[in-house]
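Trainee: Just dropping this structure here.
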Amino acid sequence: MPVVEVPAGPIHYVEEGQGPPVVLLHGLLIDHTVWDRVMPLLPSGFRYVRPVLPLGAHPEPMRPDADLSMRGQNVVLADFLDALDLRDVTLVHSDWGGGLFLTAYGLDKRVAQLVVLPCEAFDNFPPGLPGKLAVLALRVPGALPIVLRQLRIGLLRRSSLIYGQMARYPVPDDLMRGWTEPALRNPDIGRDVRKYGRMLPPAAQLIADTEALRNFPGRALVLWSPAAAPMPRDHGRRLAELLPAGRLVEIEDAYVLSMLDQPEAVAAEMTAFLTGA
């Protein structure tokens with residue numbers, strides 16, 4: 001896997017294709033493979049880049065002094081776009097909503113368009129019961145490895161207290177093993193993601209930083225899942241209305257990780273958006 005150095009540390013990524021860049025993000029304790037089912041269905045003529053951000057499933061730890069707070073994570077993302085000299089990017093958000101704050105932080109100069117799958121927004125950080133339990137695991141000493149090992153047990157993982165609200169259909173064991181392996185292997189990976197979980201901004205700031213999207217001038221597709229309990233259905237509508245050139249499309253029979261639940265529907269809507277069909 002290629003790696004690029006940014007001031008905070010190494011960022012691994014995969015890319016394929018040539019053309020206008022499409023950067024696909026992932027969520028907390030997840031990596032780029034969450035998009036594997038969608039990638040073969042997306043149109044040719046684009047450069048698809050999938051970074052592994054330091055959100056707990058990254059293969060190599062960041063520098064010990066790296067700022068990995070909400071703002072720090074946005075700086076890492078902006079630095080990654082700079083390092084690859086990506087311009088006029090279509091930025092695709094899923095689960096982790098922190099990347100929506102690039103506009104609030106004045107770091108979105110390389111972003112031309114947005115695709116927003118179900119993700120954190122407004123004051124919904126962390127999202128729902130699964131998100132709150134995940135952040136609790138980041139704040140309680142020694143809890144993260146216990147939670148990661150539980151995620152590897154299929155019956156526990158499908159519980160509504162853990163991943164049952166994240167995916168409508170069971171997440172395959174091989175995916176979950178890949179997502180949990182880095183932090184179980186290297187405690188410094190856990191150190192990195194705990195920095196994020198322990199320093200979430202207050203609710204008023206989260207709302208204000210989300211609402212800064214009213215200043216984003218580019219086209220935006222809000223591709224929401226009405227059944228995704230941790231991400232309120234109303235948030236999809238609010239985001240689409242907030243973005244000056246936003247449009248809402250709902251994906252049925254899917255939860256938060258709609259690219260796993262309904263890859264064909266997600267790919268079809270993304271294809272139409274990217275190609276202007």
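Naming works like this for the structure tokens: A, B, ... for the chains as they're shown, residue 1 at the start of each chain, ligands 1 onward in shown order.
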Taking the backbone alone, and naming residues the way the document does, which bits of region 10-164 of chain A are alpha helix (DSSP H) by DSSP, as a PyMOL selection string?
Mentor: chain A and resi 70-83+128-139+143-151+154-157
Trainee: Could you write out that same residue set with N, CA, C and O atoms as a compact mmCIF listing (two decimals), in the first residue's frame?
Mentor:
# COMPACT_ATOMS: atom_id res chain seq x y z
N MET A 70 -10.39 16.71 16.75
CA MET A 70 -11.25 16.93 15.59
C MET A 70 -10.58 17.85 14.57
O MET A 70 -10.51 17.55 13.38
N ARG A 71 -10.08 18.98 15.04
CA ARG A 71 -9.40 19.89 14.12
C ARG A 71 -8.13 19.24 13.56
O ARG A 71 -7.84 19.36 12.36
N GLY A 72 -7.39 18.54 14.42
CA GLY A 72 -6.18 17.89 13.97
C GLY A 72 -6.45 16.87 12.88
O GLY A 72 -5.69 16.75 11.92
N GLN A 73 -7.54 16.11 13.01
CA GLN A 73 -7.90 15.13 11.98
C GLN A 73 -8.22 15.83 10.66
O GLN A 73 -7.87 15.34 9.57
N ASN A 74 -8.86 16.98 10.73
CA ASN A 74 -9.14 17.74 9.51
C ASN A 74 -7.86 18.26 8.88
O ASN A 74 -7.73 18.28 7.65
N VAL A 75 -6.91 18.67 9.70
CA VAL A 75 -5.62 19.11 9.17
C VAL A 75 -4.92 17.94 8.49
O VAL A 75 -4.32 18.10 7.41
N VAL A 76 -4.97 16.76 9.10
CA VAL A 76 -4.38 15.57 8.47
C VAL A 76 -5.00 15.32 7.10
O VAL A 76 -4.30 15.06 6.12
N LEU A 77 -6.32 15.40 7.02
CA LEU A 77 -7.00 15.19 5.74
C LEU A 77 -6.59 16.25 4.72
O LEU A 77 -6.28 15.92 3.55
N ALA A 78 -6.57 17.50 5.11
CA ALA A 78 -6.16 18.57 4.19
C ALA A 78 -4.71 18.39 3.77
O ALA A 78 -4.36 18.60 2.59
N ASP A 79 -3.84 18.01 4.70
CA ASP A 79 -2.44 17.77 4.38
C ASP A 79 -2.29 16.61 3.40
O ASP A 79 -1.40 16.62 2.53
N PHE A 80 -3.13 15.60 3.54
CA PHE A 80 -3.10 14.47 2.61
C PHE A 80 -3.46 14.93 1.19
O PHE A 80 -2.79 14.57 0.22
N LEU A 81 -4.52 15.72 1.06
CA LEU A 81 -4.89 16.24 -0.26
C LEU A 81 -3.76 17.09 -0.84
O LEU A 81 -3.48 17.03 -2.05
N ASP A 82 -3.10 17.88 0.01
CA ASP A 82 -1.96 18.69 -0.43
C ASP A 82 -0.81 17.80 -0.89
O ASP A 82 -0.19 18.06 -1.94
N ALA A 83 -0.51 16.75 -0.12
CA ALA A 83 0.65 15.91 -0.41
C ALA A 83 0.51 15.21 -1.76
O ALA A 83 1.51 15.02 -2.47
N GLY A 128 -25.51 8.06 18.22
CA GLY A 128 -26.32 6.99 18.77
C GLY A 128 -25.62 6.15 19.82
O GLY A 128 -24.53 6.47 20.30
N LEU A 129 -26.25 5.04 20.16
CA LEU A 129 -25.70 4.16 21.18
C LEU A 129 -24.37 3.53 20.76
O LEU A 129 -23.41 3.50 21.55
N PRO A 130 -24.24 3.03 19.51
CA PRO A 130 -22.95 2.44 19.12
C PRO A 130 -21.80 3.44 19.21
O PRO A 130 -20.70 3.10 19.67
N GLY A 131 -22.03 4.67 18.78
CA GLY A 131 -20.98 5.68 18.84
C GLY A 131 -20.60 6.05 20.26
O GLY A 131 -19.42 6.22 20.58
N LYS A 132 -21.61 6.15 21.12
CA LYS A 132 -21.33 6.51 22.50
C LYS A 132 -20.54 5.40 23.20
O LYS A 132 -19.63 5.67 24.00
N LEU A 133 -20.86 4.15 22.90
CA LEU A 133 -20.11 3.05 23.48
C LEU A 133 -18.67 3.03 22.96
O LEU A 133 -17.73 2.73 23.70
N ALA A 134 -18.50 3.35 21.66
CA ALA A 134 -17.16 3.38 21.09
C ALA A 134 -16.31 4.45 21.75
O ALA A 134 -15.14 4.21 22.11
N VAL A 135 -16.87 5.65 21.93
CA VAL A 135 -16.11 6.72 22.55
C VAL A 135 -15.84 6.41 24.02
O VAL A 135 -14.77 6.73 24.55
N LEU A 136 -16.80 5.77 24.68
CA LEU A 136 -16.57 5.36 26.06
C LEU A 136 -15.38 4.40 26.14
O LEU A 136 -14.54 4.50 27.04
N ALA A 137 -15.28 3.50 25.16
CA ALA A 137 -14.15 2.56 25.12
C ALA A 137 -12.83 3.29 24.92
O ALA A 137 -11.78 2.83 25.38
N LEU A 138 -12.86 4.44 24.24
CA LEU A 138 -11.65 5.22 24.03
C LEU A 138 -11.25 5.99 25.27
O LEU A 138 -10.08 6.35 25.44
N ARG A 139 -12.20 6.25 26.14
CA ARG A 139 -11.92 7.08 27.32
C ARG A 139 -11.60 6.27 28.57
O ARG A 139 -11.04 6.82 29.52
N ALA A 143 -10.03 -0.36 27.88
CA ALA A 143 -11.30 -0.86 27.35
C ALA A 143 -11.25 -1.13 25.85
O ALA A 143 -11.97 -2.01 25.35
N LEU A 144 -10.43 -0.40 25.11
CA LEU A 144 -10.45 -0.52 23.65
C LEU A 144 -10.14 -1.94 23.18
O LEU A 144 -10.88 -2.49 22.34
N PRO A 145 -9.09 -2.60 23.64
CA PRO A 145 -8.83 -3.97 23.18
C PRO A 145 -9.98 -4.93 23.48
O PRO A 145 -10.27 -5.84 22.68
N ILE A 146 -10.65 -4.74 24.61
CA ILE A 146 -11.78 -5.60 24.96
C ILE A 146 -12.91 -5.43 23.94
O ILE A 146 -13.48 -6.42 23.45
N VAL A 147 -13.22 -4.18 23.60
CA VAL A 147 -14.28 -3.91 22.62
C VAL A 147 -13.90 -4.47 21.25
O VAL A 147 -14.73 -5.08 20.56
N LEU A 148 -12.66 -4.30 20.84
CA LEU A 148 -12.23 -4.79 19.53
C LEU A 148 -12.34 -6.32 19.45
O LEU A 148 -12.73 -6.86 18.42
N ARG A 149 -12.00 -7.00 20.52
CA ARG A 149 -12.13 -8.46 20.51
C ARG A 149 -13.59 -8.89 20.45
O ARG A 149 -13.94 -9.89 19.81
N GLN A 150 -14.48 -8.13 21.10
CA GLN A 150 -15.91 -8.43 21.02
C GLN A 150 -16.44 -8.26 19.61
O GLN A 150 -17.31 -9.00 19.16
N LEU A 151 -15.91 -7.27 18.88
CA LEU A 151 -16.34 -7.06 17.51
C LEU A 151 -15.99 -8.23 16.60
O LEU A 151 -16.61 -8.41 15.54
N GLY A 154 -19.08 -12.81 15.97
CA GLY A 154 -20.22 -12.46 15.12
C GLY A 154 -21.50 -12.20 15.88
O GLY A 154 -22.21 -11.23 15.60
N LEU A 155 -21.84 -13.05 16.82
CA LEU A 155 -23.10 -12.90 17.55
C LEU A 155 -23.12 -11.60 18.34
O LEU A 155 -24.13 -10.88 18.35
N LEU A 156 -22.01 -11.27 18.99
CA LEU A 156 -21.94 -10.01 19.73
C LEU A 156 -21.96 -8.82 18.78
O LEU A 156 -22.60 -7.80 19.04
N ARG A 157 -21.24 -8.94 17.68
CA ARG A 157 -21.13 -7.84 16.72
C ARG A 157 -22.50 -7.45 16.17
O ARG A 157 -22.77 -6.27 15.93
Trainee: May I have all residues of region 69-189 of chain A that DSSP, computed from the backbone, assigns to strand (DSSP E), given as a PyMOL selection string?
Mentor: chain A and resi 89-95+111-119
Trainee: Taking all heavy atoms for each residue, export the selection above as an mmCIF file, in the first residue's frame.
Mentor:
data_model
loop_
_atom_site.group_PDB
_atom_site.id
_atom_site.type_symbol
_atom_site.label_atom_id
_atom_site.label_comp_id
_atom_site.auth_asym_id
_atom_site.auth_seq_id
_atom_site.Cartn_x
_atom_site.Cartn_y
_atom_site.Cartn_z
ATOM 1 N N VAL A 89 -11.449 18.131 -5.886
ATOM 2 C CA VAL A 89 -11.762 16.817 -5.343
ATOM 3 C C VAL A 89 -13.266 16.663 -5.102
ATOM 4 O O VAL A 89 -13.927 17.597 -4.624
ATOM 5 C CB VAL A 89 -11.002 16.601 -4.019
ATOM 6 C CG1 VAL A 89 -11.482 15.361 -3.291
ATOM 7 C CG2 VAL A 89 -9.503 16.542 -4.271
ATOM 8 N N THR A 90 -13.800 15.491 -5.427
ATOM 9 C CA THR A 90 -15.095 15.071 -4.910
ATOM 10 C C THR A 90 -14.820 14.289 -3.635
ATOM 11 O O THR A 90 -14.205 13.221 -3.676
ATOM 12 C CB THR A 90 -15.861 14.187 -5.909
ATOM 13 O OG1 THR A 90 -16.123 14.939 -7.094
ATOM 14 C CG2 THR A 90 -17.186 13.723 -5.310
ATOM 15 N N LEU A 91 -15.232 14.821 -2.491
ATOM 16 C CA LEU A 91 -14.930 14.218 -1.198
ATOM 17 C C LEU A 91 -16.161 13.464 -0.704
ATOM 18 O O LEU A 91 -17.241 14.045 -0.577
ATOM 19 C CB LEU A 91 -14.522 15.294 -0.194
ATOM 20 C CG LEU A 91 -13.938 14.819 1.133
ATOM 21 C CD1 LEU A 91 -12.680 13.985 0.913
ATOM 22 C CD2 LEU A 91 -13.619 16.020 2.026
ATOM 23 N N VAL A 92 -15.985 12.171 -0.429
ATOM 24 C CA VAL A 92 -17.098 11.290 -0.066
ATOM 25 C C VAL A 92 -17.004 10.955 1.414
ATOM 26 O O VAL A 92 -16.018 10.364 1.862
ATOM 27 C CB VAL A 92 -17.080 10.008 -0.913
ATOM 28 C CG1 VAL A 92 -18.324 9.169 -0.620
ATOM 29 C CG2 VAL A 92 -17.007 10.340 -2.408
ATOM 30 N N HIS A 93 -18.019 11.324 2.173
ATOM 31 C CA HIS A 93 -18.036 11.135 3.619
ATOM 32 C C HIS A 93 -18.911 9.943 3.980
ATOM 33 O O HIS A 93 -19.957 9.716 3.378
ATOM 34 C CB HIS A 93 -18.598 12.381 4.316
ATOM 35 C CG HIS A 93 -17.845 13.627 4.021
ATOM 36 N ND1 HIS A 93 -16.876 14.133 4.848
ATOM 37 C CD2 HIS A 93 -17.922 14.494 2.963
ATOM 38 C CE1 HIS A 93 -16.379 15.240 4.332
ATOM 39 N NE2 HIS A 93 -17.003 15.479 3.191
ATOM 40 N N SER A 94 -18.521 9.211 5.020
ATOM 41 C CA SER A 94 -19.334 8.112 5.531
ATOM 42 C C SER A 94 -19.021 7.886 7.008
ATOM 43 O O SER A 94 -17.849 7.809 7.380
ATOM 44 C CB SER A 94 -19.055 6.825 4.749
ATOM 45 O OG SER A 94 -19.653 5.710 5.370
ATOM 46 N N ASP A 95 -20.048 7.778 7.828
ATOM 47 C CA ASP A 95 -19.928 7.431 9.245
ATOM 48 C C ASP A 95 -19.239 8.553 10.035
ATOM 49 O O ASP A 95 -19.878 9.226 10.827
ATOM 50 C CB ASP A 95 -19.196 6.090 9.384
ATOM 51 C CG ASP A 95 -19.212 5.565 10.815
ATOM 52 O OD1 ASP A 95 -19.974 6.092 11.643
ATOM 53 O OD2 ASP A 95 -18.448 4.625 11.108
ATOM 54 N N VAL A 111 -11.402 21.019 -2.370
ATOM 55 C CA VAL A 111 -12.644 20.247 -2.482
ATOM 56 C C VAL A 111 -13.634 21.008 -3.345
ATOM 57 O O VAL A 111 -13.967 22.161 -3.066
ATOM 58 C CB VAL A 111 -13.241 19.968 -1.092
ATOM 59 C CG1 VAL A 111 -14.516 19.143 -1.224
ATOM 60 C CG2 VAL A 111 -12.224 19.246 -0.212
ATOM 61 N N ALA A 112 -14.120 20.329 -4.401
ATOM 62 C CA ALA A 112 -15.060 20.960 -5.317
ATOM 63 C C ALA A 112 -16.482 20.450 -5.141
ATOM 64 O O ALA A 112 -17.444 21.177 -5.402
ATOM 65 C CB ALA A 112 -14.618 20.716 -6.766
ATOM 66 N N GLN A 113 -16.631 19.180 -4.728
ATOM 67 C CA GLN A 113 -17.950 18.567 -4.603
ATOM 68 C C GLN A 113 -17.966 17.666 -3.373
ATOM 69 O O GLN A 113 -16.924 17.185 -2.935
ATOM 70 C CB GLN A 113 -18.294 17.715 -5.834
ATOM 71 C CG GLN A 113 -18.279 18.466 -7.136
ATOM 72 C CD GLN A 113 -18.750 17.596 -8.296
ATOM 73 O OE1 GLN A 113 -19.603 17.998 -9.070
ATOM 74 N NE2 GLN A 113 -18.201 16.394 -8.424
ATOM 75 N N LEU A 114 -19.173 17.425 -2.851
ATOM 76 C CA LEU A 114 -19.343 16.550 -1.697
ATOM 77 C C LEU A 114 -20.354 15.454 -2.008
ATOM 78 O O LEU A 114 -21.374 15.707 -2.652
ATOM 79 C CB LEU A 114 -19.844 17.332 -0.481
ATOM 80 C CG LEU A 114 -18.981 18.459 0.081
ATOM 81 C CD1 LEU A 114 -19.705 19.123 1.250
ATOM 82 C CD2 LEU A 114 -17.630 17.937 0.515
ATOM 83 N N VAL A 115 -20.057 14.260 -1.535
ATOM 84 C CA VAL A 115 -21.050 13.190 -1.428
ATOM 85 C C VAL A 115 -21.086 12.808 0.043
ATOM 86 O O VAL A 115 -20.048 12.509 0.638
ATOM 87 C CB VAL A 115 -20.693 11.971 -2.299
ATOM 88 C CG1 VAL A 115 -21.722 10.859 -2.093
ATOM 89 C CG2 VAL A 115 -20.610 12.359 -3.770
ATOM 90 N N VAL A 116 -22.265 12.837 0.627
ATOM 91 C CA VAL A 116 -22.396 12.627 2.072
ATOM 92 C C VAL A 116 -23.323 11.447 2.333
ATOM 93 O O VAL A 116 -24.538 11.555 2.191
ATOM 94 C CB VAL A 116 -22.940 13.892 2.768
ATOM 95 C CG1 VAL A 116 -22.956 13.695 4.275
ATOM 96 C CG2 VAL A 116 -22.116 15.115 2.389
ATOM 97 N N LEU A 117 -22.730 10.303 2.675
ATOM 98 C CA LEU A 117 -23.495 9.158 3.130
ATOM 99 C C LEU A 117 -23.821 9.353 4.608
ATOM 100 O O LEU A 117 -23.339 10.308 5.223
ATOM 101 C CB LEU A 117 -22.704 7.878 2.894
ATOM 102 C CG LEU A 117 -22.781 7.256 1.481
ATOM 103 C CD1 LEU A 117 -22.060 8.141 0.464
ATOM 104 C CD2 LEU A 117 -22.196 5.848 1.448
ATOM 105 N N PRO A 118 -24.652 8.492 5.215
ATOM 106 C CA PRO A 118 -24.987 8.689 6.630
ATOM 107 C C PRO A 118 -23.738 8.878 7.490
ATOM 108 O O PRO A 118 -22.828 8.043 7.470
ATOM 109 C CB PRO A 118 -25.726 7.394 6.994
ATOM 110 C CG PRO A 118 -26.351 6.962 5.709
ATOM 111 C CD PRO A 118 -25.348 7.318 4.650
ATOM 112 N N CYS A 119 -23.688 9.979 8.191
ATOM 113 C CA CYS A 119 -22.509 10.288 8.996
ATOM 114 C C CYS A 119 -22.905 11.220 10.130
ATOM 115 O O CYS A 119 -24.012 11.757 10.178
ATOM 116 C CB CYS A 119 -21.406 10.925 8.137
ATOM 117 S SG CYS A 119 -21.797 12.557 7.486
#
Trainee: Could you pull the residues within 9 Å of region 174-180 of chain A, counting only C-alpha atoms, minus those fewer than 3 positions along the same chain, as a PyMOL selection string?
Mentor: chain A and resi 29-31+33-34+56-58+145+148-149+151-152+171+183-185
Trainee: Please indicate the distance in Å from CA of Pro43 (chain A) to CA of Asp253 (chain A), rounded to one decimal place.
Mentor: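 About the pair CA of Pro43 (chain A) and CA of Asp253 (chain A): they are 23.4 Å apart.
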Trainee: Pick out the closest residue to Tyr48 (chain A) from this set: A:Leu25, A:Val222, A:Ala66, A:Leu243. Count only C-alpha atoms.
Mentor: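 For Tyr48 (chain A), the nearest of the given residues is A:Leu25.
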Trainee: Please indicate the distance in Å from CA of Leu260 (chain A) to CA of Pro230 (chain A), rounded to one decimal place.
Mentor: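 Here the two named atoms are 16.2 Å from each other.
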